[in-house]
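All remarks here apply to the structure that follows.
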Amino acid sequence: MEEKYIICEDSLEGIFTGIYEAYALREGHAHVHLQIGEEDNLRLFAVYLPVSSDPVKTEKVVQTLRSRLGEHVYHTLCRAAASCYPDKGEAVYKTVVDALTAGSGRRVMENLKNPYVARCFELARFTANEAHYEIEFIRFQELAAREGEENTVLFSKIGPKNNVVPFVMPHFADRLSIENFMVYDENRKLFGVHPAREEWYLVAAGEEFALKDLDLSQKEEKYQELFRTFHRTIGIKSRENKKLQRQMCAYRYQDYMMEFAQK
Amino acid sequence: MFANRILFYRTDLFIEETDEEAGEGEMELRIAPKMSVMDKLKILGDAAKYDVSCSSSGSFRRNDGQGIGNTVAAGLCHSFAADGRCISLLKILFTNECIYDCRYCINRCSNDVPRASFTPDEVCELTMEFYRRNYIEGLFLSSGILYSPNYTMELICETVHRLRTVHRFQGYIHVKAIPGADPMLIQRAGYLVDRMSVNLEMATAEGLRAIAPNKHRKNILKPMRQIQNSITENKNELTLYRHAPHFCEAGQSTQMVIGALPESDYQIMSVAENLYNKFSLKRVYYSAFVNVNEDRDLPAPAGGPPLLREHRLYQADWLLRFYGFKVDELLTEQRPNFNTAIDPKADWAVRHLEQFPVEINRADYYMLLRVPGVGVKSAGRIVAARRFGNLTFADLKKIGVVLKRALYFITCNGKMMYPTKLEENYIVQNLVYQNRMGRGEKLPFLADGTSYRQMSLFDDCHFEKNWKAVGD
């Protein structure tokens with residue numbers, strides 16, 4: 001039996017469309033694989049089937065997953081699909097197979113004996129953890145209001161490994177519901193935008209986009225300095241422990257946090 | 001004169017934003033002679049840093065669209081200070097002026113330290129501006145005792161009230177209940193904040209008397225009991241009326257100083273257990289004693305504060321709260337202190353080898369919890385995953401069990417991972433050896449109990465002697 005590789009885009013829609021196509025083949029799942037992007041090293045006895053993302057098929061898969069596996073499993077799969085690792089497509093696909101076809105159903109994420117479920121669990125955990133860290137460590141800067149306007153905008157730049165912006169936005173949309181704010185993912189050139197008292201949305205800025213220098217508001221510098229001072233004074237000298245600090249807040253987050261910036 | 005001052009301050013406090021120059025001038029003369037917010041923050045942040053509690057968990061509240069903020073049940077840490085402790089809340093004292101003279105405290109009245117006080121508006125502004133930039137999760141407001149407990153509690157109440165009503169702040173607030181303050185004031189504060197705490201300071205009443213002459217155990221336990229009762233009443237209310245106001249949704253906590261007096265771990269843990277069972281506390285914090293005042297009657301350990309002991313106490317505290325252990329199982333009168341070389345759970349396990357090895361595929365959840373290397377999460381995952389088939393050691397690794405600690409105590413399908421002896425000395429030696437080689441337990445500081453220290457040029461490393469040798 002020859003192996004079939006479904007090639008899909010690196011996005012949630014891509015992966016879900018891929019899963020739809022895999023089921024549409026009706027050839028069982030043992031020899032069907034889901035792969036993200038073209039592979040450099042092509043296999044000799046394999047068939048490659050590229051698929052392009054389709055909103056209708058995606059929606060069908062989403063409906064099935066939500067109704068048959070529950071919100072919890074669905075969200076876990078979404079988190080895994082937002083991972084930065086290329087084997088996520090296969091892991092998500094085979095987890096869905098384990099749930100829908102092998103029958104573990106709503107309890108699928110508990111079946112950690114299955115290597116694909118375990119991998120999916122691991123990827124989802126990484127994304128969830130990173131989203132949690134970003135929720136904690138994001139630093140908003142207040143931008144100067146445009147002339148004649150009073151509205152202020154809070155802006156934050158992050159550089160996460162996984163695509164966490166969609167998981168970070170709901171938290172801030174609730175917390176800062178009356179503020180205008182933006183979260184910018186530097187690695188994916190992706191904006192999460194929240195206008196005050198409205199729904200948030202994502203904006204892909206495109207490959208060529210480069211961030212200009214920010215025009216900060218007058219008060220911004222003052223509060224940054226105040227927090228830097230607080231951050232310095234709150235540490236206890238006789239307990240100093242930089243290793244622990246680094247363990248709790250890795251350098252890759254510290255790079256985006258103004259209190260760690262060398263002044 | 002005394003009454004006058006209070007009056008002036010109160011005028012300024014409770015009448016909204018009057019521009020009476022004279023009144024303000026008078027106030028500043030007494031409270032804060034021409035001090036910027038930056039200087040105040042420096043002094044009052046510094047003064048608050050020995051308060052350990054910085055958690056923002058236990059309270060879940062969504063934003064109502066009217067103001068700023070919400071709370072997250074798991075809590076969020078927004079930054080980490082140079083000592084590796086989290087910064088979750090804007091932890092400040094309202095004032096570091098204090099009429100008490102507690103010997104361990106940097107703010108005692110006999111100390112000559114710079115004094116400062118915030119005004120409620122300054123606290124509100126700082127909180128709001130820090131919060132919207134996502135620097136903090138909320139406010140932790142403590143205070144020295146200014147004039148009297150009642151006066152201080154009233155100031156705290158007023159500040160929090162302003163933050164909640166004028167600024168419509170819906171984030172997390174933690175305040176201290178001042179022992180000796182009027183129960184009505186504590187009640188009032190409780191409906192405005194998420195968590196309240198009263199510090200027990202010392203594990204024993206005698207210890208407290210020796211170290212804090214103005215504080216009495218009775219006065220500390222009284223507000224604690226009051227808060228406990230109010231929380232219970234509030235819970236009953238909430239079951240009847242869903243929209244009733246919450247009283248200290250995130251419960252109450254307390255703090256004990258460790259290592260200032262010769263108390264044993266057994267005494268400290270027994271007190272903690274009592275607080276959890278009889279006062280329904282959410283958390284008890286332990287704070288390694290730092291001799292800030294260089295008081296000659298109090299110990300000044302050479303290796304810095306007793307961090308390893310503090311760490312072991314926290315580990316045992318977790319065993320009490322999440323693992324179903326009792327203090328009497330961990331320690332006894334004859335063996336009143338924890339073994340610092342291995343963690344309390346492993347220590348318990350090697351002394352109860354008759355209950356091991358545990359078969360992973362059969363043992364119940366509570367027995368799994370008692371296996372070193374298995375935590376609350378992995379125990380839950382094991383119970384869920386073994387429905388689908390027998391687990392092997394490879395599966396356990398993926399589930400998150402720390403096998404290098406667990407392997408002495410478990411079997412999978414009747415087999416141990418490696419042939420090992422089920423013998424106390426053998427296991428302890430192996431665990432200690434692993435720790436010493438840096439492959440075992442991850443301690444948040446070096447294994448000898450001292451904290452991580454970076455060598456600087458000015459450390460005394462006998463450079464001088466070496467230079468001389470070179471010179472000769």
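In the structure tokens, each chain is lettered A, B, ... as it comes, each chain's residues begin at 1, and ligands are numbered from 1 in order of appearance.
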
Original post:
Within 8 Å of chain A, which residues of chain B show up when using only C-alpha atoms, listed as an MDAnalysis selection string?
Top reply: chainID B and resid 38 41:42 45:46 48:50 62:63 65:70 76:85 87 129:130 132:135 290 304:305 381 384:386 388:389 391 395 398:399 444:445 451:453

**OP:** Could you tell me, as number ranges by chain, which residues of stretch 7-253 of chain A DSSP assigns to strand (DSSP E or B) when given the backbone?
**Re:** A: 7-8, 32-36, 46-50, 141-143, 153-158, 180-185, 190-194, 201-204, 216

Go ahead and save the picked residues with N, CA and C atoms, as a compact mmCIF listing (two decimals), in the first residue's frame.
```
# COMPACT_ATOMS: atom_id res chain seq x y z
N ILE A 7 -0.83 17.62 1.60
CA ILE A 7 -0.02 18.80 1.90
C ILE A 7 -0.92 20.01 2.09
N CYS A 8 -0.84 20.62 3.25
CA CYS A 8 -1.75 21.74 3.51
C CYS A 8 -0.97 22.96 3.96
N VAL A 32 -2.42 7.32 5.42
CA VAL A 32 -2.64 8.72 5.02
C VAL A 32 -1.98 9.61 6.05
N HIS A 33 -1.26 10.62 5.59
CA HIS A 33 -0.57 11.52 6.50
C HIS A 33 -0.88 12.96 6.14
N LEU A 34 -0.77 13.80 7.13
CA LEU A 34 -1.01 15.23 6.90
C LEU A 34 0.31 15.96 7.08
N GLN A 35 0.67 16.72 6.11
CA GLN A 35 1.96 17.40 6.19
C GLN A 35 1.79 18.88 5.92
N ILE A 36 2.56 19.67 6.64
CA ILE A 36 2.43 21.11 6.46
C ILE A 36 3.52 21.62 5.56
N ALA A 46 5.50 7.41 -2.65
CA ALA A 46 4.48 8.15 -1.93
C ALA A 46 3.74 9.06 -2.90
N VAL A 47 2.48 9.30 -2.58
CA VAL A 47 1.70 10.20 -3.41
C VAL A 47 1.49 11.48 -2.62
N TYR A 48 1.73 12.62 -3.24
CA TYR A 48 1.54 13.90 -2.57
C TYR A 48 0.29 14.57 -3.10
N LEU A 49 -0.59 14.97 -2.20
CA LEU A 49 -1.84 15.60 -2.60
C LEU A 49 -1.95 16.99 -1.98
N PRO A 50 -1.58 18.03 -2.73
CA PRO A 50 -1.70 19.38 -2.14
C PRO A 50 -3.17 19.81 -2.07
N GLN A 141 2.60 50.11 25.74
CA GLN A 141 3.09 51.48 25.76
C GLN A 141 1.96 52.36 25.25
N GLU A 142 1.83 53.51 25.89
CA GLU A 142 0.78 54.41 25.44
C GLU A 142 1.32 55.27 24.30
N LEU A 143 0.64 55.25 23.17
CA LEU A 143 1.09 56.05 22.04
C LEU A 143 0.48 57.45 22.14
N VAL A 153 -3.93 55.05 22.41
CA VAL A 153 -3.82 53.66 21.97
C VAL A 153 -2.68 53.00 22.74
N LEU A 154 -2.94 51.81 23.25
CA LEU A 154 -1.88 51.04 23.89
C LEU A 154 -1.31 50.08 22.88
N PHE A 155 0.02 50.01 22.86
CA PHE A 155 0.67 49.18 21.84
C PHE A 155 1.67 48.24 22.51
N SER A 156 1.73 47.01 22.01
CA SER A 156 2.69 46.07 22.57
C SER A 156 3.28 45.21 21.48
N LYS A 157 4.58 44.95 21.59
CA LYS A 157 5.26 44.12 20.61
C LYS A 157 5.73 42.84 21.30
N ILE A 158 5.48 41.68 20.68
CA ILE A 158 5.95 40.43 21.26
C ILE A 158 6.64 39.60 20.19
N ASN A 180 -8.36 51.23 23.66
CA ASN A 180 -7.90 50.83 22.32
C ASN A 180 -6.54 50.20 22.50
N PHE A 181 -6.37 49.00 22.01
CA PHE A 181 -5.01 48.44 22.12
C PHE A 181 -4.68 47.51 20.96
N MET A 182 -3.38 47.28 20.80
CA MET A 182 -2.87 46.42 19.73
C MET A 182 -1.78 45.53 20.29
N VAL A 183 -1.77 44.29 19.84
CA VAL A 183 -0.66 43.40 20.15
C VAL A 183 -0.04 43.01 18.82
N TYR A 184 1.27 43.20 18.70
CA TYR A 184 1.94 42.93 17.42
C TYR A 184 2.91 41.78 17.57
N ASP A 185 2.69 40.72 16.81
CA ASP A 185 3.60 39.57 16.81
C ASP A 185 4.66 39.80 15.74
N LEU A 190 1.87 39.89 12.59
CA LEU A 190 0.44 39.75 12.81
C LEU A 190 -0.02 40.71 13.91
N PHE A 191 -1.07 41.45 13.63
CA PHE A 191 -1.62 42.37 14.63
C PHE A 191 -2.90 41.80 15.23
N GLY A 192 -3.05 41.91 16.53
CA GLY A 192 -4.36 41.75 17.16
C GLY A 192 -4.83 43.14 17.51
N VAL A 193 -5.98 43.54 17.04
CA VAL A 193 -6.44 44.92 17.22
C VAL A 193 -7.74 44.93 18.01
N HIS A 194 -7.80 45.79 19.01
CA HIS A 194 -9.03 45.91 19.79
C HIS A 194 -9.42 47.38 19.91
N TYR A 201 -10.02 41.90 16.41
CA TYR A 201 -9.80 41.16 15.16
C TYR A 201 -8.30 41.09 14.86
N LEU A 202 -7.96 40.21 13.91
CA LEU A 202 -6.55 40.02 13.53
C LEU A 202 -6.28 40.72 12.20
N VAL A 203 -5.07 41.26 12.06
CA VAL A 203 -4.67 41.86 10.80
C VAL A 203 -3.30 41.31 10.44
N ALA A 204 -3.20 40.66 9.29
CA ALA A 204 -1.89 40.19 8.83
C ALA A 204 -1.25 41.33 8.06
N LEU A 216 5.59 58.01 21.41
CA LEU A 216 4.98 57.72 22.72
C LEU A 216 4.34 58.94 23.34
```

Mind checking which residues fall within 8 Å of B:Thr71, counting only C-alpha atoms, ignoring those fewer than 3 positions away in the same chain, and posting them as a PDB file with N, CA and C atoms, in the first residue's frame?
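The resulting part-v1.pdb:
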```
ATOM      1  N   SER B  56      -2.221  36.356  43.113  1.00  0.00           N
ATOM      2  CA  SER B  56      -3.402  37.067  42.641  1.00  0.00           C
ATOM      3  C   SER B  56      -4.433  36.036  42.227  1.00  0.00           C
ATOM      4  N   SER B  59      -9.684  34.249  42.648  1.00  0.00           N
ATOM      5  CA  SER B  59     -10.820  35.121  42.426  1.00  0.00           C
ATOM      6  C   SER B  59     -11.059  35.184  40.925  1.00  0.00           C
ATOM      7  N   PHE B  60     -12.304  35.016  40.518  1.00  0.00           N
ATOM      8  CA  PHE B  60     -12.600  35.049  39.091  1.00  0.00           C
ATOM      9  C   PHE B  60     -13.715  36.050  38.844  1.00  0.00           C
ATOM     10  N   ARG B  61     -13.406  37.059  38.064  1.00  0.00           N
ATOM     11  CA  ARG B  61     -14.394  38.113  37.829  1.00  0.00           C
ATOM     12  C   ARG B  61     -14.177  38.667  36.432  1.00  0.00           C
ATOM     13  N   ARG B  62     -15.245  38.741  35.669  1.00  0.00           N
ATOM     14  CA  ARG B  62     -15.127  39.316  34.326  1.00  0.00           C
ATOM     15  C   ARG B  62     -15.366  40.814  34.390  1.00  0.00           C
ATOM     16  N   GLY B  75      -4.456  33.343  38.723  1.00  0.00           N
ATOM     17  CA  GLY B  75      -3.507  34.388  39.080  1.00  0.00           C
ATOM     18  C   GLY B  75      -2.455  34.571  37.996  1.00  0.00           C
ATOM     19  N   GLU B 137      -1.024  43.054  38.364  1.00  0.00           N
ATOM     20  CA  GLU B 137      -2.303  42.365  38.368  1.00  0.00           C
ATOM     21  C   GLU B 137      -3.280  43.063  39.334  1.00  0.00           C
ATOM     22  N   GLN B 170     -11.481  47.009  38.509  1.00  0.00           N
ATOM     23  CA  GLN B 170     -12.059  45.690  38.795  1.00  0.00           C
ATOM     24  C   GLN B 170     -11.013  44.592  38.898  1.00  0.00           C
ATOM     25  N   GLY B 171      -9.739  45.010  39.007  1.00  0.00           N
ATOM     26  CA  GLY B 171      -8.668  44.030  39.167  1.00  0.00           C
ATOM     27  C   GLY B 171      -8.588  43.532  40.602  1.00  0.00           C
ATOM     28  N   TYR B 172      -7.453  42.893  40.883  1.00  0.00           N
ATOM     29  CA  TYR B 172      -7.278  42.219  42.169  1.00  0.00           C
ATOM     30  C   TYR B 172      -6.790  43.205  43.224  1.00  0.00           C
TER      31      TYR B 172
END
```

**OP:** Taking the chain letters and numbering used in this document, name the residues of stretch 128-210 of chain A that DSSP puts in helix (DSSP H, G or I), as a PyMOL selection string.
**Re:** chain A and resi 128-137+165-175

Keeping only N, CA and C atoms, write those residues as a short mmCIF file (atom, residue, chain, number, x, y, z; two decimals), in the first residue's frame.
```
data_model
loop_
_atom_site.label_atom_id
_atom_site.label_comp_id
_atom_site.auth_asym_id
_atom_site.auth_seq_id
_atom_site.Cartn_x
_atom_site.Cartn_y
_atom_site.Cartn_z
N ALA A 128 -0.20 26.81 25.05
CA ALA A 128 -0.97 27.36 26.17
C ALA A 128 -0.03 28.04 27.17
N ASN A 129 1.10 27.39 27.45
CA ASN A 129 2.05 27.98 28.38
C ASN A 129 2.60 29.29 27.85
N GLU A 130 2.93 29.28 26.56
CA GLU A 130 3.50 30.50 26.01
C GLU A 130 2.47 31.63 26.00
N ALA A 131 1.23 31.28 25.67
CA ALA A 131 0.17 32.30 25.68
C ALA A 131 0.03 32.85 27.10
N HIS A 132 0.12 31.97 28.08
CA HIS A 132 0.00 32.40 29.47
C HIS A 132 1.14 33.36 29.83
N TYR A 133 2.36 33.01 29.40
CA TYR A 133 3.49 33.90 29.68
C TYR A 133 3.30 35.25 29.01
N GLU A 134 2.82 35.22 27.76
CA GLU A 134 2.66 36.49 27.06
C GLU A 134 1.59 37.34 27.75
N ILE A 135 0.54 36.70 28.23
CA ILE A 135 -0.49 37.44 28.95
C ILE A 135 0.12 38.13 30.17
N GLU A 136 1.06 37.43 30.79
CA GLU A 136 1.70 38.01 31.96
C GLU A 136 2.71 39.10 31.61
N PHE A 137 3.49 38.84 30.54
CA PHE A 137 4.68 39.66 30.32
C PHE A 137 4.51 40.75 29.26
N VAL A 165 -1.10 35.02 19.46
CA VAL A 165 -1.92 36.24 19.50
C VAL A 165 -3.43 35.94 19.61
N PRO A 166 -3.95 34.96 18.83
CA PRO A 166 -5.40 34.69 18.97
C PRO A 166 -5.81 34.21 20.36
N PHE A 167 -4.85 33.65 21.12
CA PHE A 167 -5.19 33.17 22.46
C PHE A 167 -4.96 34.23 23.53
N VAL A 168 -4.19 35.25 23.17
CA VAL A 168 -3.90 36.33 24.11
C VAL A 168 -4.99 37.40 24.06
N MET A 169 -5.50 37.63 22.86
CA MET A 169 -6.44 38.74 22.67
C MET A 169 -7.71 38.66 23.53
N PRO A 170 -8.37 37.50 23.64
CA PRO A 170 -9.62 37.48 24.42
C PRO A 170 -9.42 37.94 25.86
N HIS A 171 -8.26 37.58 26.44
CA HIS A 171 -7.98 37.99 27.81
C HIS A 171 -7.96 39.51 27.95
N PHE A 172 -7.22 40.16 27.03
CA PHE A 172 -7.11 41.61 27.14
C PHE A 172 -8.38 42.30 26.67
N ALA A 173 -9.08 41.68 25.75
CA ALA A 173 -10.33 42.29 25.28
C ALA A 173 -11.32 42.38 26.44
N ASP A 174 -11.28 41.41 27.34
CA ASP A 174 -12.15 41.47 28.51
C ASP A 174 -11.60 42.46 29.53
N ARG A 175 -10.32 42.32 29.81
CA ARG A 175 -9.72 43.14 30.86
C ARG A 175 -9.71 44.62 30.51
#
```

Subject >> Which residue of B:Gly144, B:Pro120, B:Gly375, B:Gly324 approaches B:Leu93 most closely, using only C-alpha atoms >> reply: B:Gly144

**OP:** Show which residues sit within 12 Å of B:Arg164, as a PyMOL selection string. Count only C-alpha atoms, and ignore same-chain residues fewer than 2 positions away.
**Re:** chain B and resi 66-69+120+124+127-128+138-139+157-162+166-173+189+191-194

Subject >> Non-local contacts of B:Lys326 (10 Å; only C-alpha atoms; under 3 positions in same chain excluded) as a list in words >> reply: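 What passes the distance filter is Met269, Ser270, Glu273, Ala316, Asp317, Leu319, Leu320, Arg321, Tyr323, Glu329, Leu330 and Leu331 of chain B.
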
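Atom CA of B:Glu359 lies 14.3 Å from atom CA of B:Gly373.
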
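The smallest atom-to-atom distance between A:Ser11 and any of A:Ala82, A:Leu25, A:Leu77, A:Leu42, using only C-alpha atoms, is found for A:Ala82.
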
**OP:** Record the distance separating atom CA of B:Val37 and atom CA of B:Cys105, expressed in Å with one decimal.
**Re:** 23.5 Å

**OP:** To one decimal in Å, tell me the separation between atom CA of B:Pro344 and atom CA of B:Glu441.
**Re:**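 About the pair atom CA of B:Pro344 and atom CA of B:Glu441: they are 11.8 Å apart.
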